[in-house]
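Novice: If it helps, the file is called entry31.txt and holds compact mmCIF, C-alpha atoms:
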```
# COMPACT_ATOMS: atom_id res chain seq x y z
CA MET A 1 -73.05 -1.33 -146.79
CA ASN A 2 -74.97 -4.38 -148.10
CA ASN A 3 -75.06 -7.66 -146.24
CA GLN A 4 -72.79 -10.17 -147.96
CA ASP A 5 -73.58 -13.10 -145.63
CA SER A 6 -76.24 -15.74 -146.26
CA ALA A 7 -77.39 -18.71 -144.23
CA TYR A 8 -79.90 -21.55 -144.37
CA ALA A 9 -81.45 -23.77 -141.71
CA GLY A 10 -83.64 -26.56 -143.09
CA ARG A 11 -84.92 -29.97 -142.06
CA HIS A 12 -81.56 -31.68 -142.46
CA LEU A 13 -79.19 -29.10 -143.98
CA PHE A 14 -77.58 -26.10 -142.25
CA LEU A 15 -75.06 -23.76 -143.86
CA VAL A 16 -73.39 -20.36 -143.70
CA ALA A 17 -71.96 -18.46 -146.70
CA ASP A 18 -69.91 -15.26 -146.69
CA GLY A 19 -69.62 -13.28 -149.92
CA MET A 20 -66.18 -11.86 -150.58
CA GLY A 21 -65.76 -8.32 -149.29
CA GLY A 22 -64.22 -5.82 -151.68
CA HIS A 23 -65.63 -7.54 -154.80
CA ALA A 24 -68.75 -6.66 -156.75
CA GLY A 25 -71.60 -9.03 -156.04
CA GLY A 26 -70.46 -10.64 -152.80
CA ASP A 27 -74.07 -10.60 -151.60
CA VAL A 28 -75.23 -12.04 -154.93
CA ALA A 29 -72.64 -14.82 -154.74
CA SER A 30 -73.58 -15.93 -151.22
CA ALA A 31 -77.31 -15.77 -152.04
CA ILE A 32 -77.03 -17.78 -155.28
CA ALA A 33 -74.78 -20.40 -153.68
CA THR A 34 -76.97 -20.75 -150.58
CA LYS A 35 -80.20 -21.16 -152.57
CA ARG A 36 -78.62 -23.73 -154.90
CA ILE A 37 -77.06 -25.76 -152.09
CA ALA A 38 -80.33 -25.66 -150.10
CA GLU A 39 -81.80 -27.94 -152.78
CA ALA A 40 -79.75 -30.74 -151.16
CA ASP A 41 -81.89 -30.49 -148.00
CA GLU A 42 -83.26 -34.03 -148.09
CA ALA A 43 -83.43 -37.10 -145.88
CA TYR A 44 -80.53 -39.46 -146.66
CA GLY A 45 -80.39 -43.13 -145.82
CA VAL A 46 -76.64 -43.18 -145.23
CA VAL A 47 -74.33 -40.35 -144.28
CA GLU A 48 -71.99 -41.02 -147.21
CA ASP A 49 -74.83 -40.18 -149.61
CA ALA A 50 -75.35 -36.88 -147.77
CA GLU A 51 -71.64 -36.10 -147.99
CA PHE A 52 -71.62 -36.69 -151.76
CA ALA A 53 -74.85 -34.73 -152.28
CA LEU A 54 -73.58 -31.73 -150.32
CA GLN A 55 -70.27 -31.69 -152.19
CA SER A 56 -72.09 -32.03 -155.51
CA ALA A 57 -74.45 -29.18 -154.62
CA MET A 58 -71.50 -26.91 -153.84
CA ILE A 59 -69.85 -27.77 -157.18
CA ALA A 60 -73.17 -27.07 -158.94
CA ALA A 61 -73.39 -23.75 -157.10
CA ASN A 62 -69.90 -22.90 -158.34
CA SER A 63 -71.00 -23.57 -161.93
CA LEU A 64 -74.11 -21.46 -161.41
CA LEU A 65 -71.99 -18.56 -160.18
CA ALA A 66 -69.78 -18.85 -163.27
CA GLU A 67 -72.87 -18.81 -165.52
CA THR A 68 -74.20 -15.75 -163.71
CA VAL A 69 -70.94 -13.88 -164.26
CA PHE A 70 -70.98 -14.89 -167.95
CA GLU A 71 -74.42 -13.26 -168.27
CA HIS A 72 -73.60 -10.30 -166.00
CA SER A 73 -69.99 -9.28 -166.54
CA GLU A 74 -70.26 -6.52 -163.94
CA LEU A 75 -70.22 -9.30 -161.31
CA SER A 76 -66.85 -10.64 -162.45
CA GLY A 77 -64.69 -11.73 -159.54
CA MET A 78 -67.53 -12.38 -157.11
CA GLY A 79 -67.18 -15.34 -154.80
CA THR A 80 -68.32 -16.82 -151.52
CA THR A 81 -67.23 -19.12 -148.75
CA VAL A 82 -69.57 -21.96 -147.74
CA SER A 83 -69.62 -24.20 -144.68
CA GLY A 84 -72.48 -26.67 -144.34
CA ILE A 85 -73.59 -29.79 -142.49
CA VAL A 86 -76.27 -32.40 -143.12
CA LEU A 87 -77.74 -34.39 -140.22
CA VAL A 88 -78.11 -38.13 -140.85
CA GLY A 89 -79.01 -40.07 -137.72
CA ASP A 90 -76.15 -39.87 -135.24
CA HIS A 91 -73.71 -38.50 -137.83
CA VAL A 92 -73.20 -35.32 -139.78
CA ALA A 93 -71.74 -34.83 -143.24
CA LEU A 94 -69.65 -31.66 -143.65
CA ALA A 95 -68.60 -29.72 -146.74
CA HIS A 96 -66.48 -26.60 -146.53
CA ILE A 97 -64.59 -24.05 -148.63
CA GLY A 98 -63.15 -20.68 -147.55
CA ASP A 99 -62.79 -19.25 -144.05
CA SER A 100 -66.25 -19.55 -142.58
CA ARG A 101 -66.08 -22.17 -139.83
CA ILE A 102 -67.85 -25.13 -138.24
CA TYR A 103 -67.29 -25.94 -134.58
CA ARG A 104 -68.48 -28.83 -132.41
CA TYR A 105 -68.95 -28.13 -128.70
CA ARG A 106 -69.02 -31.39 -126.75
CA GLY A 107 -68.77 -31.58 -122.98
CA ASP A 108 -66.44 -28.74 -122.07
CA THR A 109 -64.45 -28.83 -125.32
CA LEU A 110 -64.84 -26.62 -128.40
CA GLU A 111 -63.31 -28.13 -131.53
CA GLN A 112 -62.92 -26.39 -134.88
CA VAL A 113 -63.71 -29.14 -137.37
CA THR A 114 -62.97 -27.15 -140.54
CA ALA A 115 -59.66 -25.68 -141.70
CA ASP A 116 -59.46 -22.13 -143.04
CA HIS A 117 -58.47 -21.91 -146.71
CA THR A 118 -56.40 -18.76 -146.22
CA PHE A 119 -52.83 -17.76 -146.93
CA VAL A 120 -51.97 -17.23 -143.29
CA GLN A 121 -53.30 -20.69 -142.40
CA ARG A 122 -50.84 -22.04 -144.95
CA LEU A 123 -48.08 -20.19 -143.12
CA VAL A 124 -49.26 -21.54 -139.76
CA ASP A 125 -49.48 -25.11 -141.07
CA SER A 126 -45.95 -24.88 -142.47
CA GLY A 127 -44.60 -23.50 -139.18
CA ARG A 128 -43.60 -20.13 -140.65
CA ILE A 129 -45.75 -18.11 -138.24
CA THR A 130 -47.64 -18.67 -135.00
CA LEU A 131 -51.40 -18.41 -134.46
CA ASP A 132 -50.86 -15.12 -132.63
CA GLU A 133 -48.90 -13.74 -135.59
CA ALA A 134 -51.59 -14.98 -137.99
CA ALA A 135 -54.23 -12.96 -136.10
CA VAL A 136 -52.50 -9.68 -137.03
CA HIS A 137 -50.86 -10.69 -140.33
CA PRO A 138 -51.46 -8.11 -143.11
CA ARG A 139 -52.40 -10.94 -145.51
CA ARG A 140 -54.88 -12.60 -143.14
CA SER A 141 -57.82 -11.75 -145.44
CA VAL A 142 -56.40 -13.51 -148.51
CA LEU A 143 -58.56 -16.54 -149.35
CA MET A 144 -57.03 -19.40 -151.32
CA ARG A 145 -60.28 -21.26 -152.10
CA VAL A 146 -63.85 -20.03 -152.67
CA LEU A 147 -66.88 -20.73 -154.83
CA GLY A 148 -67.12 -18.28 -157.73
CA ASP A 149 -66.22 -17.63 -161.33
CA VAL A 150 -62.49 -17.99 -160.77
CA ASP A 151 -62.07 -21.77 -160.50
CA ALA A 152 -64.06 -24.25 -162.58
CA ALA A 153 -63.18 -27.17 -160.29
CA PRO A 154 -62.74 -25.88 -156.74
CA GLU A 155 -61.40 -28.28 -154.11
CA ILE A 156 -64.03 -28.75 -151.40
CA ASP A 157 -63.22 -30.32 -148.04
CA THR A 158 -65.68 -32.98 -146.87
CA LYS A 159 -65.84 -34.95 -143.67
CA ILE A 160 -68.13 -37.31 -141.73
CA LEU A 161 -68.31 -36.95 -137.95
CA ASP A 162 -70.42 -38.47 -135.22
CA THR A 163 -72.81 -36.40 -133.14
CA ARG A 164 -74.30 -37.11 -129.72
CA PRO A 165 -77.14 -35.76 -127.59
CA GLY A 166 -75.90 -32.58 -125.91
CA ASP A 167 -73.59 -31.59 -128.76
CA ARG A 168 -73.80 -28.01 -130.00
CA TRP A 169 -72.84 -27.33 -133.61
CA LEU A 170 -71.78 -23.78 -134.41
CA LEU A 171 -71.54 -22.46 -137.98
CA CYS A 172 -70.29 -18.90 -138.40
CA SER A 173 -68.78 -16.41 -140.80
CA ASP A 174 -65.40 -14.87 -140.05
CA GLY A 175 -67.15 -11.87 -138.53
CA LEU A 176 -67.26 -14.01 -135.38
CA SER A 177 -64.11 -16.13 -135.58
CA SER A 178 -61.81 -13.20 -136.41
CA TYR A 179 -62.83 -11.17 -133.35
CA VAL A 180 -63.86 -13.58 -130.60
CA SER A 181 -61.41 -16.13 -129.19
CA ASP A 182 -62.24 -19.82 -129.08
CA GLU A 183 -62.04 -19.65 -125.28
CA LYS A 184 -64.69 -16.93 -125.16
CA VAL A 185 -66.91 -18.80 -127.63
CA ALA A 186 -66.67 -21.95 -125.51
CA ALA A 187 -67.51 -19.98 -122.36
CA ILE A 188 -70.65 -18.54 -123.97
CA LEU A 189 -71.78 -21.90 -125.33
CA ALA A 190 -71.27 -23.39 -121.86
CA SER A 191 -73.16 -20.68 -119.98
CA VAL A 192 -76.07 -19.82 -122.30
CA ARG A 193 -78.44 -22.73 -122.68
CA THR A 194 -80.74 -21.58 -125.47
CA SER A 195 -79.45 -21.48 -129.03
CA GLN A 196 -81.00 -18.06 -129.67
CA GLY A 197 -79.51 -16.62 -126.47
CA ALA A 198 -76.07 -18.03 -127.28
CA ALA A 199 -76.25 -16.63 -130.83
CA ASP A 200 -77.26 -13.21 -129.45
CA ARG A 201 -74.30 -13.22 -127.05
CA LEU A 202 -71.80 -14.30 -129.70
CA VAL A 203 -72.85 -11.61 -132.17
CA LYS A 204 -72.80 -8.95 -129.44
CA GLU A 205 -69.34 -10.11 -128.38
CA SER A 206 -68.11 -9.78 -131.99
CA LEU A 207 -69.44 -6.25 -132.36
CA ASP A 208 -68.12 -5.24 -128.93
CA HIS A 209 -64.66 -6.32 -130.10
CA GLY A 210 -64.91 -4.09 -133.17
CA ALA A 211 -66.00 -6.55 -135.85
CA PRO A 212 -66.42 -4.41 -139.00
CA ASP A 213 -67.80 -7.30 -141.04
CA ASN A 214 -71.18 -9.00 -141.26
CA VAL A 215 -71.58 -11.46 -138.39
CA THR A 216 -73.63 -14.61 -139.00
CA VAL A 217 -74.05 -17.29 -136.34
CA LEU A 218 -76.05 -20.52 -136.60
CA ILE A 219 -76.28 -22.84 -133.59
CA LEU A 220 -77.77 -26.34 -133.79
CA ASP A 221 -78.40 -28.24 -130.54
CA ILE A 222 -78.64 -32.03 -130.66
CA ASP A 223 -81.31 -33.18 -128.20
CA GLY A 224 -81.31 -36.89 -128.97
CA THR A 225 -84.85 -37.06 -130.37
CA SER A 226 -85.61 -38.49 -133.77
CA ALA A 227 -88.36 -36.00 -134.51
CA GLU A 228 -88.04 -34.27 -137.88
CA ILE A 229 -86.79 -30.69 -137.68
CA ALA A 230 -89.14 -28.11 -139.17
CA PRO A 231 -87.72 -26.15 -142.11
CA LEU A 232 -86.62 -22.72 -140.95
CA GLY A 233 -85.44 -21.03 -144.13
CA PHE A 234 -83.00 -18.48 -145.46
CA VAL A 235 -81.35 -15.49 -143.81
CA GLY A 236 -79.18 -12.59 -144.92
CA SER A 237 -78.71 -11.96 -148.64
CA ALA A 238 -80.38 -15.24 -149.53
CA ALA A 239 -83.58 -14.07 -147.82
CA ALA A 240 -83.81 -10.90 -149.92
CA PRO A 241 -85.12 -10.64 -153.49
CA LEU A 242 -82.26 -11.13 -155.94
CA ALA A 243 -82.11 -8.38 -158.59
CA LEU A 244 -80.08 -8.85 -161.76
CA ASP A 245 -80.45 -6.34 -164.60
CA GLY A 246 -83.36 -4.82 -162.73
CA VAL A 247 -85.41 -8.08 -162.75
CA GLU A 248 -86.21 -9.13 -159.22
CA ASN A 249 -86.60 -12.67 -158.00
CA GLU A 250 -90.11 -12.81 -156.51
CA ARG A 251 -89.19 -15.40 -153.88
CA ARG A 252 -90.27 -14.00 -150.53
CA PRO A 253 -88.00 -14.21 -147.49
CA ILE A 254 -88.89 -16.80 -144.88
CA ARG A 255 -89.27 -15.85 -141.23
CA LEU A 256 -86.09 -16.41 -139.23
CA PRO A 257 -85.81 -19.42 -136.91
CA THR A 258 -85.28 -19.03 -133.20
CA LEU A 259 -81.95 -20.85 -133.37
CA LEU A 260 -80.55 -18.57 -136.08
CA LEU A 261 -79.57 -14.99 -135.42
CA HIS A 262 -79.73 -12.80 -138.48
CA PRO A 263 -76.45 -11.22 -139.64
CA LEU A 264 -75.55 -7.83 -138.28
CA LYS A 265 -73.11 -5.34 -139.70
CA SER A 266 -71.00 -2.55 -138.31
CA GLY A 267 -68.68 -0.24 -140.21
CA GLN A 268 -66.84 -1.24 -143.38
CA PRO A 269 -65.94 -4.85 -144.13
CA GLU A 270 -62.34 -5.98 -144.23
CA ASP A 271 -60.77 -6.14 -147.66
CA SER A 272 -61.03 -9.94 -147.94
CA HIS A 273 -60.31 -11.24 -151.40
CA PHE A 274 -59.60 -14.44 -153.29
CA GLU A 275 -56.36 -15.48 -154.88
CA PRO A 276 -56.13 -18.88 -156.62
CA GLU A 277 -53.65 -21.45 -155.38
CA ARG A 278 -51.08 -20.72 -158.09
CA GLU A 279 -47.53 -21.64 -157.16
CA GLU A 280 -46.14 -18.31 -158.40
CA PHE A 281 -48.63 -16.39 -156.26
CA LEU A 282 -47.83 -18.49 -153.19
CA GLU A 283 -44.11 -17.98 -153.76
CA GLN A 284 -44.68 -14.23 -154.10
CA LEU A 285 -46.60 -14.09 -150.83
CA ILE A 286 -44.09 -16.30 -149.05
CA GLU A 287 -41.24 -14.07 -150.25
CA GLU A 288 -43.17 -11.03 -149.01
CA ASP A 289 -43.53 -12.73 -145.67
CA ARG A 290 -39.80 -13.54 -145.55
CA LYS A 291 -39.00 -9.88 -146.25
CA ARG A 292 -41.47 -8.82 -143.56
CA ALA A 293 -39.84 -11.24 -141.11
CA ARG A 294 -36.38 -9.86 -141.97
CA ARG A 295 -37.62 -6.29 -141.47
CA ARG A 296 -39.19 -7.32 -138.19
CA ARG A 297 -35.92 -8.92 -137.00
CA LEU A 298 -33.94 -5.85 -138.10
CA THR A 299 -36.36 -3.59 -136.24
CA TRP A 300 -36.00 -5.70 -133.11
CA LEU A 301 -32.20 -5.69 -133.42
CA ILE A 302 -32.14 -1.90 -133.79
CA ALA A 303 -34.51 -1.50 -130.87
CA ALA A 304 -32.40 -3.86 -128.75
CA ALA A 305 -29.21 -2.03 -129.71
CA LEU A 306 -30.79 1.32 -128.81
CA MET A 307 -31.98 -0.10 -125.50
CA VAL A 308 -28.52 -1.47 -124.70
CA ALA A 309 -26.95 1.86 -125.65
CA ALA A 310 -29.42 3.70 -123.41
CA ILE A 311 -28.64 1.37 -120.51
CA VAL A 312 -24.88 1.78 -121.01
CA ALA A 313 -25.27 5.57 -121.20
CA ALA A 314 -27.36 5.58 -118.03
CA ILE A 315 -24.76 3.47 -116.22
CA ALA A 316 -21.95 5.75 -117.42
CA ILE A 317 -23.82 8.87 -116.25
CA ALA A 318 -24.61 7.26 -112.91
CA TYR A 319 -20.98 6.22 -112.45
CA GLN A 320 -19.76 9.71 -113.27
CA TRP A 321 -22.13 11.07 -110.65
CA THR A 322 -20.70 8.73 -108.01
CA GLN A 323 -17.20 9.98 -108.79
CA THR A 324 -18.11 13.52 -107.70
CA HIS A 325 -18.37 12.27 -104.09
CA TYR A 326 -15.57 11.75 -101.54
CA TYR A 327 -15.20 10.29 -98.05
CA VAL A 328 -12.46 9.41 -95.56
CA GLY A 329 -12.24 5.81 -94.41
CA GLU A 330 -10.05 2.86 -93.45
CA THR A 331 -8.06 0.85 -95.96
CA ALA A 332 -7.59 -2.89 -95.88
CA ASP A 333 -4.18 -2.47 -94.24
CA GLY A 334 -5.60 -0.33 -91.40
CA THR A 335 -4.51 3.13 -92.59
CA VAL A 336 -6.59 6.25 -93.22
CA ALA A 337 -7.29 7.22 -96.87
CA ILE A 338 -9.39 9.53 -99.01
CA TYR A 339 -11.86 7.61 -101.20
CA GLN A 340 -13.46 8.88 -104.39
CA GLY A 341 -16.98 7.57 -105.11
CA VAL A 342 -19.83 6.28 -102.93
CA GLN A 343 -19.82 3.54 -100.34
CA GLN A 344 -21.79 1.04 -102.44
CA ASN A 345 -21.04 -2.04 -104.49
CA ILE A 346 -22.92 -3.45 -107.47
CA GLY A 347 -22.17 -7.13 -107.18
CA PRO A 348 -18.40 -7.46 -107.37
CA ILE A 349 -18.02 -3.90 -108.71
CA SER A 350 -17.04 -1.24 -106.15
CA LEU A 351 -18.25 2.30 -106.78
CA SER A 352 -15.31 3.84 -104.92
CA HIS A 353 -11.52 3.70 -104.94
CA VAL A 354 -8.62 5.18 -102.95
CA ALA A 355 -7.87 8.66 -104.28
CA GLN A 356 -5.08 9.43 -101.74
CA GLY A 357 -3.54 7.32 -99.03
CA SER A 358 -1.74 8.29 -95.83
CA GLU A 359 0.59 6.83 -93.19
CA ILE A 360 -1.93 7.43 -90.41
CA ARG A 361 -2.95 4.21 -88.76
CA VAL A 362 -6.52 4.06 -87.59
CA SER A 363 -5.39 2.48 -84.32
CA ASP A 364 -3.36 5.66 -83.52
CA LEU A 365 -6.44 7.90 -83.59
CA PRO A 366 -8.49 8.91 -80.53
CA ALA A 367 -11.34 6.49 -79.84
CA LEU A 368 -14.05 8.85 -81.11
CA GLU A 369 -12.19 9.68 -84.35
CA ARG A 370 -11.29 6.03 -84.83
CA ARG A 371 -14.98 5.05 -84.76
CA ARG A 372 -15.84 7.87 -87.17
CA VAL A 373 -13.16 6.80 -89.67
CA GLU A 374 -14.28 3.15 -89.42
CA ALA A 375 -17.83 4.29 -90.19
CA THR A 376 -16.41 6.65 -92.90
CA ILE A 377 -16.59 10.44 -92.87
CA ASN A 378 -18.35 12.04 -95.85
CA ALA A 379 -16.84 15.10 -97.54
CA ASP A 380 -18.54 17.58 -99.84
CA ASN A 381 -15.57 17.64 -102.21
CA LEU A 382 -11.90 16.71 -102.50
CA ARG A 383 -10.76 19.86 -100.70
CA ALA A 384 -13.00 19.03 -97.72
CA ALA A 385 -11.63 15.48 -97.67
CA HIS A 386 -8.06 16.86 -97.51
CA ASP A 387 -9.06 19.08 -94.60
CA ILE A 388 -10.38 16.02 -92.71
CA LEU A 389 -7.18 14.10 -93.43
CA ASP A 390 -4.99 17.07 -92.31
CA ARG A 391 -6.98 17.30 -89.05
CA LEU A 392 -6.50 13.60 -88.32
CA THR A 393 -2.76 13.90 -89.09
CA LEU A 394 -2.47 16.79 -86.60
CA LEU A 395 -4.23 14.74 -83.89
CA VAL A 396 -1.72 11.92 -84.28
CA GLU A 397 1.33 14.25 -84.41
CA THR A 398 0.32 16.21 -81.28
CA GLY A 399 0.00 13.00 -79.32
CA SER A 400 -3.78 13.13 -78.90
CA GLY A 401 -4.21 9.61 -80.30
CA GLY A 402 -4.33 6.22 -78.66
CA SER A 403 -7.01 4.52 -76.66
```
What does the file become when written as structure tokens?
Specialist:
Amino acid sequence: MNNQDSAYAGRHLFLVADGMGGHAGGDVASAIATKRIAEADEAYGVVEDAEFALQSAMIAANSLLAETVFEHSELSGMGTTVSGIVLVGDHVALAHIGDSRIYRYRGDTLEQVTADHTFVQRLVDSGRITLDEAAVHPRRSVLMRVLGDVDAAPEIDTKILDTRPGDRWLLCSDGLSSYVSDEKVAAILASVRTSQGAADRLVKESLDHGAPDNVTVLILDIDGTSAEIAPLGFVGSAAAPLALDGVENERRPIRLPTLLLHPLKSGQPEDSHFEPEREEFLEQLIEEDRKRARRRRLTWLIAAALMVAAIVAAIAIAYQWTQTHYYVGETADGTVAIYQGVQQNIGPISLSHVAQGSEIRVSDLPALERRRVEATINADNLRAAHDILDRLTLLVETGSGGS
């Protein structure tokens, strides 16, 4: 499997790109976009200029991808996500498209500062599904926005945020965010002080949780100094020679920085793919989701009905078992009777009832027999219960009763 992730860490610009899995040229797309956007790695006087330059570079990269597909039709459908930041003094300019992510870790709080451009995120935002349901949704890999040859004017999110000494900025592909929880990411960023060590731990955590995709992690620590950051270069597909029609780009890869862990891969990538934000496509997916929700509710109803039926059947069987037992005891009016069932109650429900009464008063029995009847006398069956009742009747008739 080829590596479809690319990343760049320069003097002022830092970005991660993830080529679309399942499409031809995902690695080419991320490499072309990363190298084109890296040209915006300059010092900017004001952060708004950096924001505009980064957005413009991403739009130019989109046009370059379209031109590449025009010249190499076998790459049709390729695309890439991009998430990047530019440092300008105590602010950063962000530009983002797709489902790679940018996080800011400040104090003890991890904040995702980009929004995923995915179908399931649309469902979450509209309240149709929860975050937990989104994590296992069958359409979770459908991207609604990417750079590529499919949209001449892609909508790119931009933002300006402040940054402070001690902040940690995390850029990552979905190989991390899809398999490691935000809580675990925050715990690692809090406990591992070096950027390289934290990146190592995050990638290992992703692979330990079964990440089948490329995993790219870039961590930038803000130390409060104004010293210029040394350029650190490309990684992943962007660091490799780019071959189109057998003609290789002679640009040599640059040695990886200590703060950037190179992408790793394990197994086959998920079948992520792009679908444009057409209303008919969204309606089709939403209708699919409604049908899935109806099937899920029907499944739960059937399961609940089966469970209730099983409970009722178990209760009926248990009750029938209790009715095979008999005992002799005292009634509420002080007479002796044969009871069918067991001497237990379930709440207000008694598991026994009088099967046959008698005119024998408990007070007429000898003291020992009276105590036994008050405590109840168990019988193996109805015939044995009749024998006990006949014996007590004989005791009273022969005058052996009283106390």
Novice: Pick from A:Ala29, A:Ala17, A:Ala66, A:Leu351: nearest to Leu242 (chain A), with all atoms listed in the file counted?
Specialist: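 Of all the options, A:Ala29 lies closest to Leu242 (chain A).
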Novice: What separation in Å, quoted to one decimal, exists between CA of Gln320 (chain A) and CA of Ile360 (chain A)?
Specialist: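 According to the coordinates, CA of Gln320 (chain A) and CA of Ile360 (chain A) are separated by 29.1 Å.
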Novice: Fewer than 5 positions away in the same chain doesn't count, so skip those; otherwise give me all residues within 10 Å of Gly224 (chain A), counting all atoms listed in the file, as an NGL selection string.
Specialist: :A and (89-90 or 163-167)
Novice: Write out as a list of chain:residue names which residues come within 12 Å of Ala375 (chain A) when counting all atoms listed in the file, dropping same-chain ones fewer than 4 positions away.
Specialist: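 Residues near the query, excluding close chain neighbours: A:Tyr327, A:Val328, A:Gly329, A:Glu330, A:Thr331, A:Val336, A:Gln343, A:Val362, A:Leu368, A:Glu369, A:Arg370, A:Arg371.
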Novice: Take the residues from that selection and put them in a file with C-alpha atoms, as a PDB file, in the frame of the given file.
Specialist:
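The new file part-v7.pdb reads:
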```
ATOM      1  CA  TYR A 327     -15.200  10.290 -98.050  1.00  0.00           C
ATOM      2  CA  VAL A 328     -12.460   9.410 -95.560  1.00  0.00           C
ATOM      3  CA  GLY A 329     -12.240   5.810 -94.410  1.00  0.00           C
ATOM      4  CA  GLU A 330     -10.050   2.860 -93.450  1.00  0.00           C
ATOM      5  CA  THR A 331      -8.060   0.850 -95.960  1.00  0.00           C
ATOM      6  CA  VAL A 336      -6.590   6.250 -93.220  1.00  0.00           C
ATOM      7  CA  GLN A 343     -19.820   3.540-100.340  1.00  0.00           C
ATOM      8  CA  VAL A 362      -6.520   4.060 -87.590  1.00  0.00           C
ATOM      9  CA  LEU A 368     -14.050   8.850 -81.110  1.00  0.00           C
ATOM     10  CA  GLU A 369     -12.190   9.680 -84.350  1.00  0.00           C
ATOM     11  CA  ARG A 370     -11.290   6.030 -84.830  1.00  0.00           C
ATOM     12  CA  ARG A 371     -14.980   5.050 -84.760  1.00  0.00           C
TER      13      ARG A 371
END
```
Novice: Please provide as a ChimeraX atom specification all residues within 7 Å of Val86 (chain A), with the sequence filter that same-chain residues fewer than 2 positions apart are discarded (counting only C-alpha atoms).
Specialist: /A:12-14,50,84,88,92-94
Novice: For Ile85 (chain A), please output as a ChimeraX atom specification all residues within 12 Å (counting only C-alpha atoms; exclusion window: fewer than 5 positions along the same chain).
Specialist: /A:7-16,37-38,40-42,47,50-55,58,91-96,101-104,113-114,157-163,169-171,218-220
Novice: Quick one, how far is CA of Val217 (chain A) from CA of Leu75 (chain A)?
Specialist: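 So the answer is 26.5 Å.
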Novice: Around the point (-63.4, -21.0, -153.3) (coordinates from the file), which residues reach within 12 Å if we count all atoms listed in the file? Answer as a ChimeraX atom specification.
Specialist: /A:17-20,29-30,33,58-59,61-63,65,77-83,96-100,116-118,142-157,273-277
Novice: Within 10 Å of Thr194 (chain A), counting only C-alpha atoms, which residues qualify if same-chain residues fewer than 2 places away don't, as a list in words?
Specialist: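 Near Thr194 (chain A), the qualifying residues are Leu189, Ser191, Val192, Gln196, Gly197, Ala198, Ala199, Asp200, Ile219, Asp221, Thr258 and Leu259 of chain A.
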Novice: CA of Arg36 (chain A) and CA of Ala238 (chain A) are how many Å apart?
Specialist: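 Spanning CA of Arg36 (chain A) to CA of Ala238 (chain A) is a straight-line distance of 10.2 Å.
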Novice: Pick out the closest residue to Val203 (chain A) from this set: A:Gly341, A:Pro241, A:Gly175, A:Gly25. Count all atoms listed in the file.
Specialist: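 Smallest separation from Val203 (chain A) among the options: A:Gly175.
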Novice: Would you mind telling me which residue in A:Ser237, A:Asn381, A:Thr109, A:Gln356 lies nearest to Lys184 (chain A) when using only C-alpha atoms?
Specialist: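 The answer is A:Thr109, which sits nearest to Lys184 (chain A).
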Novice: From the options A:Val180, A:Ile349, A:Ala60, A:Ile222, which residue's atoms come nearest to Thr34 (chain A), counting all atoms listed in the file?
Specialist: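 The shortest atom-to-atom distance to Thr34 (chain A) comes from A:Ala60.
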